[in-house]
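Next comes entry33.cif, a file with mmCIF, C-alpha atoms and all ligand atoms.
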```
data_model
#
loop_
_atom_site.label_atom_id
_atom_site.label_comp_id
_atom_site.auth_asym_id
_atom_site.auth_seq_id
_atom_site.Cartn_x
_atom_site.Cartn_y
_atom_site.Cartn_z
CA MET A 153 -98.22 52.19 34.89
CA LYS A 154 -97.27 49.17 32.79
CA LYS A 155 -95.95 49.33 29.23
CA VAL A 156 -94.10 47.08 26.80
CA THR A 157 -90.62 48.20 25.76
CA PHE A 158 -87.39 46.80 24.30
CA ASN A 159 -83.73 47.71 24.80
CA ARG A 160 -82.20 46.07 21.73
CA PHE A 161 -83.33 44.75 18.36
CA GLY A 162 -84.06 41.02 18.19
CA GLY A 163 -86.71 38.31 18.49
CA ILE A 164 -89.76 38.35 20.73
CA GLU A 165 -87.50 37.78 23.76
CA VAL A 166 -86.45 41.46 23.63
CA LEU A 167 -89.94 42.60 24.67
CA GLN A 168 -90.37 43.46 28.34
CA LEU A 169 -93.37 44.49 30.41
CA VAL A 170 -92.03 47.30 32.63
CA ASP A 171 -93.26 49.83 35.19
CA ALA A 172 -93.02 53.28 33.65
CA PRO A 173 -93.92 56.76 34.89
CA MET A 174 -97.26 58.19 33.77
CA PRO A 175 -96.77 59.89 30.39
CA THR A 176 -97.04 63.67 30.22
CA GLY A 177 -98.63 65.72 27.44
CA ASP A 178 -101.72 67.65 26.42
CA ILE A 179 -103.95 64.63 25.99
CA ILE A 180 -103.64 61.42 28.01
CA VAL A 181 -105.59 58.32 26.97
CA GLN A 182 -106.29 55.28 29.12
CA VAL A 183 -105.70 52.54 26.57
CA LYS A 184 -108.48 49.94 26.25
CA ALA A 185 -107.33 47.99 23.18
CA VAL A 186 -104.30 47.76 20.88
CA SER A 187 -104.28 45.88 17.61
CA ILE A 188 -101.32 43.97 16.23
CA ASN A 189 -99.68 44.99 12.95
CA PRO A 190 -96.80 43.31 11.07
CA LEU A 191 -95.07 46.68 11.52
CA ASP A 192 -94.82 45.94 15.28
CA TRP A 193 -92.34 43.10 14.82
CA LYS A 194 -90.60 44.73 11.86
CA LEU A 195 -89.76 47.52 14.36
CA TRP A 196 -88.45 45.37 17.22
CA GLN A 197 -86.61 43.04 14.82
CA GLY A 198 -84.71 46.10 13.57
CA GLU A 199 -86.02 45.94 9.99
CA MET A 200 -87.05 49.63 10.11
CA LYS A 201 -83.88 51.06 11.73
CA MET A 202 -83.63 53.76 9.06
CA MET A 203 -86.97 55.16 10.20
CA SER A 204 -87.11 54.17 13.87
CA GLY A 205 -83.53 55.14 14.78
CA ARG A 206 -81.21 53.12 17.01
CA THR A 207 -81.74 54.68 20.43
CA PHE A 208 -83.28 52.65 23.27
CA PRO A 209 -85.52 51.98 25.11
CA LYS A 210 -88.16 51.79 22.39
CA SER A 211 -91.87 51.14 22.85
CA VAL A 212 -94.35 48.86 21.09
CA GLY A 213 -97.83 49.30 19.59
CA ILE A 214 -99.25 51.64 16.96
CA ASP A 215 -103.04 51.29 16.79
CA PHE A 216 -105.12 51.96 19.89
CA SER A 217 -108.49 52.87 21.29
CA GLY A 218 -109.25 54.18 24.75
CA ILE A 219 -110.76 56.82 27.01
CA VAL A 220 -109.41 60.35 27.39
CA VAL A 221 -108.43 60.98 31.03
CA GLN A 222 -106.81 64.38 30.43
CA GLY A 223 -108.12 66.48 27.56
CA ASN A 224 -107.66 69.72 25.68
CA GLY A 225 -110.19 71.82 23.71
CA ARG A 226 -111.37 69.18 21.24
CA PHE A 227 -111.18 66.14 23.53
CA LYS A 228 -112.44 66.06 27.11
CA PRO A 229 -112.11 63.47 29.89
CA GLY A 230 -114.45 60.56 29.25
CA ASP A 231 -114.34 60.86 25.44
CA GLU A 232 -113.84 57.52 23.69
CA VAL A 233 -111.20 57.74 20.97
CA LEU A 234 -109.18 55.71 18.49
CA GLY A 235 -105.94 56.57 16.80
CA ILE A 236 -102.37 55.90 15.74
CA SER A 237 -99.38 56.53 17.98
CA SER A 238 -96.10 57.49 16.28
CA ILE A 239 -95.86 55.01 13.39
CA PHE A 240 -92.12 54.25 13.56
CA LYS A 241 -91.76 54.57 17.33
CA GLY A 242 -94.91 52.85 18.64
CA SER A 243 -95.92 53.20 22.32
CA SER A 244 -99.61 52.32 22.48
CA LEU A 245 -99.07 48.96 24.23
CA ALA A 246 -99.25 50.67 27.62
CA GLU A 247 -101.90 51.42 30.22
CA TYR A 248 -101.72 55.15 29.45
CA LEU A 249 -100.58 57.05 26.40
CA ALA A 250 -99.83 60.72 25.65
CA VAL A 251 -101.13 61.75 22.23
CA LYS A 252 -101.51 64.84 20.09
CA ASP A 253 -105.00 65.80 18.98
CA VAL A 254 -104.05 65.11 15.34
CA ASP A 255 -103.42 61.44 16.28
CA ILE A 256 -106.97 60.67 17.43
CA VAL A 257 -110.63 60.92 16.46
CA HIS A 258 -113.77 60.19 18.43
CA LYS A 259 -114.76 56.51 18.49
CA PRO A 260 -118.26 55.92 17.08
CA ALA A 261 -120.52 54.71 19.92
CA ALA A 262 -121.70 51.77 17.80
CA ILE A 263 -118.30 50.03 17.68
CA THR A 264 -116.39 48.30 20.47
CA PHE A 265 -112.93 49.32 21.71
CA ALA A 266 -111.56 46.16 20.07
CA GLU A 267 -113.07 47.07 16.69
CA ALA A 268 -111.88 50.66 17.05
CA ALA A 269 -108.29 49.60 17.75
CA ALA A 270 -108.37 47.21 14.79
CA MET A 271 -109.11 49.95 12.28
CA PRO A 272 -106.53 52.74 12.07
CA VAL A 273 -103.36 51.46 10.33
CA VAL A 274 -105.03 48.93 8.05
CA GLY A 275 -108.05 51.12 7.36
CA LEU A 276 -105.89 54.07 6.39
CA ALA A 277 -103.67 51.80 4.30
CA ALA A 278 -106.69 50.46 2.37
CA LEU A 279 -108.12 53.97 1.91
CA GLN A 280 -104.81 55.40 0.71
CA ILE A 281 -104.28 52.54 -1.76
CA PHE A 282 -107.52 53.52 -3.52
CA ASP A 283 -107.16 57.29 -3.03
CA LYS A 284 -103.52 57.67 -4.00
CA LEU A 285 -102.39 54.66 -6.01
CA LEU A 286 -105.34 53.13 -7.84
CA THR A 287 -108.55 54.80 -8.97
CA ILE A 288 -111.19 52.13 -9.33
CA LYS A 289 -113.59 52.35 -12.19
CA PRO A 290 -116.73 50.18 -12.16
CA GLY A 291 -116.07 46.78 -13.67
CA MET A 292 -112.32 46.88 -13.11
CA GLN A 293 -110.85 43.45 -12.39
CA ILE A 294 -108.78 43.56 -9.17
CA LEU A 295 -106.74 40.76 -7.61
CA ILE A 296 -106.04 41.24 -3.89
CA ASN A 297 -103.33 38.84 -2.75
CA GLY A 298 -103.34 38.43 1.04
CA ALA A 299 -106.93 39.66 1.24
CA GLY A 300 -107.75 37.80 4.48
CA GLY A 301 -105.59 40.02 6.69
CA GLY A 302 -106.08 43.48 8.15
CA ILE A 303 -105.69 45.64 5.04
CA GLY A 304 -107.20 43.03 2.76
CA LEU A 305 -110.62 42.69 4.37
CA PHE A 306 -111.03 46.49 4.27
CA ALA A 307 -109.67 46.62 0.70
CA ILE A 308 -112.29 44.09 -0.46
CA GLN A 309 -115.07 46.26 0.98
CA LEU A 310 -113.71 49.50 -0.52
CA ALA A 311 -113.08 47.97 -3.94
CA LYS A 312 -116.60 46.51 -4.04
CA LYS A 313 -118.17 49.85 -3.00
CA ALA A 314 -116.32 51.45 -5.94
CA GLY A 315 -117.67 48.84 -8.36
CA ALA A 316 -114.63 46.61 -8.90
CA VAL A 317 -114.81 42.90 -9.65
CA VAL A 318 -112.69 41.45 -6.85
CA THR A 319 -110.70 38.24 -6.76
CA ALA A 320 -109.48 37.67 -3.20
CA VAL A 321 -106.53 35.38 -2.51
CA VAL A 322 -106.63 34.29 1.14
CA GLY A 323 -105.62 31.55 3.56
CA PRO A 324 -108.14 28.73 4.13
CA ALA A 325 -109.56 30.26 7.34
CA ALA A 326 -110.47 33.53 5.59
CA MET A 327 -112.34 32.11 2.57
CA GLU A 328 -115.81 32.42 4.06
CA VAL A 329 -115.44 35.99 5.32
CA ALA A 330 -113.78 37.17 2.09
CA ALA A 331 -116.82 35.88 0.18
CA ARG A 332 -119.31 37.36 2.67
CA LEU A 333 -117.68 40.80 2.35
CA GLY A 334 -118.43 40.76 -1.37
CA SER A 335 -115.48 39.16 -3.20
CA ASP A 336 -116.60 37.86 -6.57
CA LYS A 337 -114.09 35.03 -6.49
CA VAL A 338 -112.11 33.66 -3.54
CA ILE A 339 -108.93 31.65 -3.99
CA ASN A 340 -107.14 29.65 -1.31
CA TYR A 341 -103.50 30.70 -1.70
CA ARG A 342 -102.36 27.21 -0.98
CA ASP A 343 -104.06 26.12 -4.21
CA GLU A 344 -101.52 27.00 -6.90
CA ARG A 345 -103.65 25.77 -9.77
CA ILE A 346 -106.28 28.49 -9.48
CA LEU A 347 -103.79 31.34 -9.95
CA ASN A 348 -102.71 29.68 -13.15
CA GLY A 349 -106.29 29.89 -14.44
CA GLY A 350 -105.48 32.34 -17.24
CA GLN A 351 -107.47 35.33 -15.96
CA ILE A 352 -105.73 38.73 -16.17
CA PHE A 353 -106.38 41.83 -14.06
CA ASP A 354 -106.41 45.63 -14.23
CA ALA A 355 -104.60 45.67 -10.88
CA VAL A 356 -102.85 43.28 -8.53
CA ILE A 357 -102.49 44.42 -4.94
CA ASP A 358 -100.01 42.32 -2.97
CA LEU A 359 -100.50 42.45 0.79
CA SER A 360 -98.71 39.18 1.53
CA GLY A 361 -95.22 40.40 0.71
CA LYS A 362 -94.85 37.18 -1.27
CA MET A 363 -95.96 38.10 -4.79
CA ASP A 364 -93.30 40.34 -6.28
CA TYR A 365 -93.66 42.31 -9.53
CA ARG A 366 -92.05 39.54 -11.57
CA HIS A 367 -94.75 37.08 -10.41
CA ALA A 368 -97.58 39.59 -10.71
CA LYS A 369 -96.73 40.76 -14.25
CA PRO A 370 -98.17 37.71 -16.08
CA LEU A 371 -101.44 38.32 -14.21
CA LEU A 372 -101.70 41.93 -15.39
CA LYS A 373 -103.35 43.43 -18.45
CA ARG A 374 -101.08 45.50 -20.72
CA LYS A 375 -101.49 48.69 -18.70
CA GLY A 376 -102.27 46.93 -15.41
CA ILE A 377 -101.03 48.30 -12.09
CA TYR A 378 -99.12 46.37 -9.42
CA ILE A 379 -99.22 47.63 -5.84
CA ASN A 380 -96.73 46.59 -3.17
CA THR A 381 -97.19 47.48 0.49
CA SER A 382 -93.78 46.31 1.77
CA PRO A 383 -91.40 48.67 0.01
CA GLY A 384 -87.67 48.19 0.51
CA LEU A 385 -84.83 49.67 -1.50
CA ILE A 386 -85.13 47.05 -4.28
CA GLU A 387 -88.88 47.70 -4.64
CA MET A 388 -88.31 51.48 -4.71
CA ILE A 389 -85.76 51.16 -7.52
CA ALA A 390 -87.99 48.73 -9.46
CA SER A 391 -90.97 51.05 -9.20
CA LEU A 392 -88.93 53.96 -10.61
CA PHE A 393 -88.31 52.02 -13.83
CA SER A 394 -91.82 50.58 -14.29
CA GLY A 395 -93.39 53.40 -16.28
CA GLY A 396 -95.86 54.00 -13.43
CA ARG A 397 -97.16 50.43 -13.38
CA TYR A 398 -95.46 49.45 -10.10
CA LYS A 399 -96.71 51.47 -7.16
CA LEU A 400 -95.68 51.47 -3.53
CA LEU A 401 -97.70 52.30 -0.44
CA PHE A 402 -96.16 54.70 2.07
CA LEU A 403 -98.84 55.19 4.69
CA LYS A 404 -99.33 58.76 5.87
CA PRO A 405 -101.42 58.92 9.05
CA SER A 406 -103.73 61.92 9.13
CA THR A 407 -106.78 63.08 11.07
CA GLU A 408 -108.59 63.65 7.78
CA TYR A 409 -108.19 59.98 6.79
CA LEU A 410 -109.11 58.75 10.29
CA GLU A 411 -112.33 60.83 10.17
CA LYS A 412 -113.09 59.50 6.70
CA LEU A 413 -112.47 55.92 7.88
CA VAL A 414 -114.82 56.03 10.87
CA LYS A 415 -117.62 57.46 8.70
CA LEU A 416 -117.40 54.60 6.19
CA ASN A 417 -118.89 52.00 8.58
CA LEU A 418 -116.73 49.21 7.18
CA GLU A 419 -117.05 45.83 8.86
CA THR A 420 -114.08 45.06 11.10
CA ILE A 421 -113.18 41.42 11.56
CA ILE A 422 -111.41 40.44 14.79
CA GLY A 423 -109.71 37.08 14.44
CA GLY A 424 -107.96 36.99 17.81
CA ARG A 425 -108.33 38.55 21.28
CA TYR A 426 -105.66 38.50 23.97
CA SER A 427 -105.19 39.96 27.45
CA PHE A 428 -102.41 42.49 28.15
CA GLU A 429 -100.55 39.93 30.32
CA ASN A 430 -100.53 37.52 27.35
CA PHE A 431 -99.03 40.02 24.89
CA ARG A 432 -96.12 37.69 24.08
CA GLN A 433 -98.45 34.81 23.18
CA ALA A 434 -100.45 37.28 21.07
CA PHE A 435 -97.46 38.37 18.99
CA GLU A 436 -96.13 34.79 18.71
CA GLU A 437 -99.44 33.43 17.43
CA VAL A 438 -100.21 36.32 15.08
CA LYS A 439 -96.70 36.20 13.59
CA LYS A 440 -97.27 32.54 12.64
CA GLY A 441 -100.16 33.60 10.35
CA GLY A 442 -103.66 32.25 9.96
CA VAL A 443 -105.45 35.08 11.82
CA VAL A 444 -108.48 36.31 9.89
CA GLY A 445 -108.59 40.12 9.91
CA LYS A 446 -107.03 41.65 13.03
CA ALA A 447 -105.83 40.42 16.41
CA VAL A 448 -106.38 42.71 19.37
CA ILE A 449 -104.85 42.98 22.84
CA LEU A 450 -107.39 44.14 25.42
CA LEU A 451 -106.26 46.18 28.44
N1 LIG B 1 -96.14 50.52 3.31
C1 LIG B 1 -96.95 50.92 4.27
O1 LIG B 1 -97.10 52.12 4.52
C2 LIG B 1 -97.70 49.87 5.05
C3 LIG B 1 -98.75 50.23 5.91
C4 LIG B 1 -99.46 49.20 6.56
C5 LIG B 1 -99.07 47.87 6.36
N2 LIG B 1 -98.03 47.60 5.55
C6 LIG B 1 -97.62 46.22 5.25
O2 LIG B 1 -98.61 45.65 4.40
C7 LIG B 1 -98.61 44.22 4.58
C8 LIG B 1 -100.05 43.75 4.84
O3 LIG B 1 -100.49 44.29 6.07
P1 LIG B 1 -101.67 43.59 6.87
O4 LIG B 1 -101.82 44.34 8.14
O5 LIG B 1 -102.85 43.40 6.00
O6 LIG B 1 -101.00 42.16 7.17
P2 LIG B 1 -101.70 40.79 7.57
O7 LIG B 1 -102.92 41.09 8.38
O8 LIG B 1 -100.62 39.96 8.16
O9 LIG B 1 -102.19 40.18 6.18
C9 LIG B 1 -101.33 39.53 5.30
C10 LIG B 1 -102.09 38.38 4.69
O10 LIG B 1 -101.28 37.72 3.72
C11 LIG B 1 -101.66 36.35 3.73
N3 LIG B 1 -100.62 35.53 3.10
C12 LIG B 1 -99.52 34.98 3.65
N4 LIG B 1 -98.83 34.28 2.73
C13 LIG B 1 -99.52 34.39 1.57
C14 LIG B 1 -99.30 33.90 0.27
N5 LIG B 1 -98.24 33.15 -0.05
N6 LIG B 1 -100.20 34.23 -0.69
C15 LIG B 1 -101.27 34.99 -0.41
N7 LIG B 1 -101.54 35.48 0.84
C16 LIG B 1 -100.67 35.18 1.81
C17 LIG B 1 -101.85 36.04 5.18
O11 LIG B 1 -102.68 34.88 5.34
P3 LIG B 1 -102.37 33.76 6.47
O12 LIG B 1 -102.17 34.53 7.75
O13 LIG B 1 -103.56 32.91 6.45
O14 LIG B 1 -101.09 33.09 6.03
C18 LIG B 1 -102.50 37.32 5.71
O15 LIG B 1 -103.91 37.21 5.75
C19 LIG B 1 -97.66 43.95 5.75
O16 LIG B 1 -96.41 43.58 5.23
C20 LIG B 1 -97.56 45.29 6.45
O17 LIG B 1 -96.36 45.46 7.17
C21 LIG B 1 -97.35 48.57 4.89
#
```
Translate the structure of the given file into structure tokens.
Ligand SMILES: NC(=O)c1ccc[n+]([C@@H]2O[C@H](COP(=O)([O-])OP(=O)(O)OC[C@H]3O[C@@H](n4cnc5c(N)ncnc54)[C@H](OP(=O)(O)O)[C@@H]3O)[C@@H](O)[C@H]2O)c1
Amino acid sequence: MKKVTFNRFGGIEVLQLVDAPMPTGDIIVQVKAVSINPLDWKLWQGEMKMMSGRTFPKSVGIDFSGIVVQGNGRFKPGDEVLGISSIFKGSSLAEYLAVKDVDIVHKPAAITFAEAAAMPVVGLAALQIFDKLLTIKPGMQILINGAGGGIGLFAIQLAKKAGAVVTAVVGPAAMEVAARLGSDKVINYRDERILNGGQIFDAVIDLSGKMDYRHAKPLLKRKGIYINTSPGLIEMIASLFSGGRYKLLFLKPSTEYLEKLVKLNLETIIGGRYSFENFRQAFEEVKKGGVVGKAVILL
């Protein structure tokens, strides 16, 4: 079977499509779709060495959907599933994948394999932001910076369900969808003037990795919360000395959250579709930015 691997850290050139033996394990899934996450390239570029380790070969791909071809008690052959393969090791960008039953849940019949693969990492991230870092009370003013990407479009929907007043900062291509999903105000991030409009927020959630605490602070009310989803050492130290106002997301995959996510019926936006053979083009284009929601590789 074919899978994508790499033998050293580096740019996109390190990725190789190789013939690999069929995986072995309790549950084997024939992969139908894999979505692209910024974490994919952070892993092969070596930015997550502390977590991924330095042994090679390493595999690529975290989110997936597919069909069980070898099952156990809970999952039987033919079941359609979605899930997360090992978050710091990847491996879903392959024709077949061995998984544990805690990694997968049944795919709702009403959604496509592409939609199913687009949900897990970003859906869980959005859920855990509001479950663990920020309790929304009706009327709260929330700024979501980078709201047009994977986490952001789910975060808009969750924040609106909870009664927040949402300002979404997005790229030009995502303005329409951010408004349709319920944002009260949509700002094109290339328009500096609007962010200087004087409004202040109960929370600023930065998903772009480009608005640090220093820049967010003037936009926050006195007890406002800043949430960062790209925590490095500097961010961890800063959050320790913020009096609880600077919070970091550390995603914890769990079956419980996956089950919760699929029941929420959130709208999944697919901004790009690629074939398995064109995986390089997929990563190159997505890395450049401008994709609305998620990009998906179809197998
Ligand atoms: N800590 C954790 O456990 C965890 C878990 C999951 C994800 N993450 C991280 O969370 C971040 C967001 O994930 P994601 O999947 O939502 O990424 P994404 O789909 O790439 O979304 C990021 C968004 O930021 C926008 N953006 C870029 N520059 C901007 C700017 N200057 N101002 C405002 N917006 C800007 C992008 O728009 P354009 O494309 O139009 O430029 C894009 O829509 C990533 O860094 C990811 O690695 C962390």
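Minimum atom-to-atom distance to ligand LIG 1 (chain B), evaluated using all atoms listed in the file, belongs to A:Thr381 out of A:Ser237, A:Gln222, A:Thr176, A:Thr381.
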Enclose region 305-320 of chain A, meaning all of its atoms listed in the file, in a box aligned along x, y and z, pad it by 4 Å on each side, and list the centre and edge lengths in Å to one decimal, as AutoDock Vina command-line options.
```
--center_x -113.8 --center_y 44.6 --center_z -2.6 --size_x 16.7 --size_y 21.8 --size_z 22.0
```
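Between atom C14 of ligand LIG 1 (chain B) and CA of Val444 (chain A) the interatomic distance comes to 13.5 Å.
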Which residues are near ligand LIG 1 (chain B) - at most 9 Å, using only C-alpha atoms and all ligand atoms? Format: as a PDB file with C-alpha atoms, keeping the file's coordinate frame.
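File written: pocket_4.pdb
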```pdb
ATOM      1  CA  ILE A 188    -101.320  43.970  16.230  1.00  0.00           C
ATOM      2  CA  ASN A 189     -99.680  44.990  12.950  1.00  0.00           C
ATOM      3  CA  PRO A 190     -96.800  43.310  11.070  1.00  0.00           C
ATOM      4  CA  LEU A 191     -95.070  46.680  11.520  1.00  0.00           C
ATOM      5  CA  ASP A 192     -94.820  45.940  15.280  1.00  0.00           C
ATOM      6  CA  TRP A 193     -92.340  43.100  14.820  1.00  0.00           C
ATOM      7  CA  LYS A 194     -90.600  44.730  11.860  1.00  0.00           C
ATOM      8  CA  VAL A 273    -103.360  51.460  10.330  1.00  0.00           C
ATOM      9  CA  VAL A 274    -105.030  48.930   8.050  1.00  0.00           C
ATOM     10  CA  GLY A 275    -108.050  51.120   7.360  1.00  0.00           C
ATOM     11  CA  LEU A 276    -105.890  54.070   6.390  1.00  0.00           C
ATOM     12  CA  ALA A 277    -103.670  51.800   4.300  1.00  0.00           C
ATOM     13  CA  ALA A 278    -106.690  50.460   2.370  1.00  0.00           C
ATOM     14  CA  ILE A 296    -106.040  41.240  -3.890  1.00  0.00           C
ATOM     15  CA  ASN A 297    -103.330  38.840  -2.750  1.00  0.00           C
ATOM     16  CA  GLY A 298    -103.340  38.430   1.040  1.00  0.00           C
ATOM     17  CA  ALA A 299    -106.930  39.660   1.240  1.00  0.00           C
ATOM     18  CA  GLY A 300    -107.750  37.800   4.480  1.00  0.00           C
ATOM     19  CA  GLY A 301    -105.590  40.020   6.690  1.00  0.00           C
ATOM     20  CA  GLY A 302    -106.080  43.480   8.150  1.00  0.00           C
ATOM     21  CA  ILE A 303    -105.690  45.640   5.040  1.00  0.00           C
ATOM     22  CA  GLY A 304    -107.200  43.030   2.760  1.00  0.00           C
ATOM     23  CA  LEU A 305    -110.620  42.690   4.370  1.00  0.00           C
ATOM     24  CA  PHE A 306    -111.030  46.490   4.270  1.00  0.00           C
ATOM     25  CA  VAL A 321    -106.530  35.380  -2.510  1.00  0.00           C
ATOM     26  CA  VAL A 322    -106.630  34.290   1.140  1.00  0.00           C
ATOM     27  CA  GLY A 323    -105.620  31.550   3.560  1.00  0.00           C
ATOM     28  CA  PRO A 324    -108.140  28.730   4.130  1.00  0.00           C
ATOM     29  CA  ALA A 325    -109.560  30.260   7.340  1.00  0.00           C
ATOM     30  CA  ALA A 326    -110.470  33.530   5.590  1.00  0.00           C
ATOM     31  CA  ASN A 340    -107.140  29.650  -1.310  1.00  0.00           C
ATOM     32  CA  TYR A 341    -103.500  30.700  -1.700  1.00  0.00           C
ATOM     33  CA  ARG A 342    -102.360  27.210  -0.980  1.00  0.00           C
ATOM     34  CA  ASP A 358    -100.010  42.320  -2.970  1.00  0.00           C
ATOM     35  CA  LEU A 359    -100.500  42.450   0.790  1.00  0.00           C
ATOM     36  CA  SER A 360     -98.710  39.180   1.530  1.00  0.00           C
ATOM     37  CA  GLY A 361     -95.220  40.400   0.710  1.00  0.00           C
ATOM     38  CA  LYS A 362     -94.850  37.180  -1.270  1.00  0.00           C
ATOM     39  CA  MET A 363     -95.960  38.100  -4.790  1.00  0.00           C
ATOM     40  CA  ASN A 380     -96.730  46.590  -3.170  1.00  0.00           C
ATOM     41  CA  THR A 381     -97.190  47.480   0.490  1.00  0.00           C
ATOM     42  CA  SER A 382     -93.780  46.310   1.770  1.00  0.00           C
ATOM     43  CA  PRO A 383     -91.400  48.670   0.010  1.00  0.00           C
ATOM     44  CA  LEU A 400     -95.680  51.470  -3.530  1.00  0.00           C
ATOM     45  CA  LEU A 401     -97.700  52.300  -0.440  1.00  0.00           C
ATOM     46  CA  PHE A 402     -96.160  54.700   2.070  1.00  0.00           C
ATOM     47  CA  LEU A 403     -98.840  55.190   4.690  1.00  0.00           C
ATOM     48  CA  LYS A 404     -99.330  58.760   5.870  1.00  0.00           C
ATOM     49  CA  VAL A 438    -100.210  36.320  15.080  1.00  0.00           C
ATOM     50  CA  LYS A 439     -96.700  36.200  13.590  1.00  0.00           C
ATOM     51  CA  LYS A 440     -97.270  32.540  12.640  1.00  0.00           C
ATOM     52  CA  GLY A 441    -100.160  33.600  10.350  1.00  0.00           C
ATOM     53  CA  GLY A 442    -103.660  32.250   9.960  1.00  0.00           C
ATOM     54  CA  VAL A 443    -105.450  35.080  11.820  1.00  0.00           C
ATOM     55  CA  VAL A 444    -108.480  36.310   9.890  1.00  0.00           C
ATOM     56  CA  GLY A 445    -108.590  40.120   9.910  1.00  0.00           C
ATOM     57  CA  LYS A 446    -107.030  41.650  13.030  1.00  0.00           C
ATOM     58  CA  ALA A 447    -105.830  40.420  16.410  1.00  0.00           C
TER      59      ALA A 447
END
```
(request) Determine the nearest neighbour of Ser217 (chain A) from the options A:Glu199, A:Asp354, A:Glu429, A:Asp255, counting only C-alpha atoms. (result) A:Asp255
(request) Determine, counting all atoms listed in the file, every residue of protein, DNA or RNA that lies within 10 Å of (-108.5, 43.8, 24.8) in the file coordinates, then give the result as a count of residues only. (result) 20
(message) Can you pull out the residues contacting Gly235 (chain A)? Cut-off 12 Å, using only C-alpha atoms, and skip same-chain residues under 5 positions away; I want them as a VMD selection string.
(response) chain A and resid 181 183 to 187 213 to 220 242 to 244 249 to 259 265 267 to 276 405 to 411 413 to 414
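Residue nearest Ile179 (chain A) within the list A:Ile352, A:Val233, A:Ile377, A:Ala320: A:Val233 [criterion: smallest interatomic distance, only C-alpha atoms].
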(message) Using Å and a single decimal, report how far CA of Ala246 (chain A) sits from CA of Arg432 (chain A).
(response) 13.8 Å
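Nearest to Lys289 (chain A) of all the residues A:Ala316, A:Ala262, A:Ala355, A:Leu310 is A:Ala316, counting all atoms listed in the file.
Counting only C-alpha atoms and comparing A:Gly162, A:Ile263, A:Gly225, A:Lys154, the residue that lies closest to Thr420 (chain A) is A:Ile263.
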(message) Rounded to one decimal, what separation in Å do you get between CA of Lys241 (chain A) and CA of Trp196 (chain A)?
(response) 9.8 Å
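Nearest residue to Ala390 (chain A) among A:Leu416, A:Phe431, A:Thr319, A:Tyr365 is A:Tyr365, counting all atoms listed in the file.
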(request) Find the residues around Ala368 (chain A) up to 8 Å (all atoms listed in the file counted), leave out those fewer than 4 positions away in its own chain, and share them as JSON, numbers by chain. (result) {"A": [356, 363, 364, 372, 378]}
(message) Set the distance at 8 Å and use only C-alpha atoms: which residues neighbour Val156 (chain A) once local chain neighbours fewer than 3 positions away are removed? I'd like the list as a count of residues only.
(response) 9
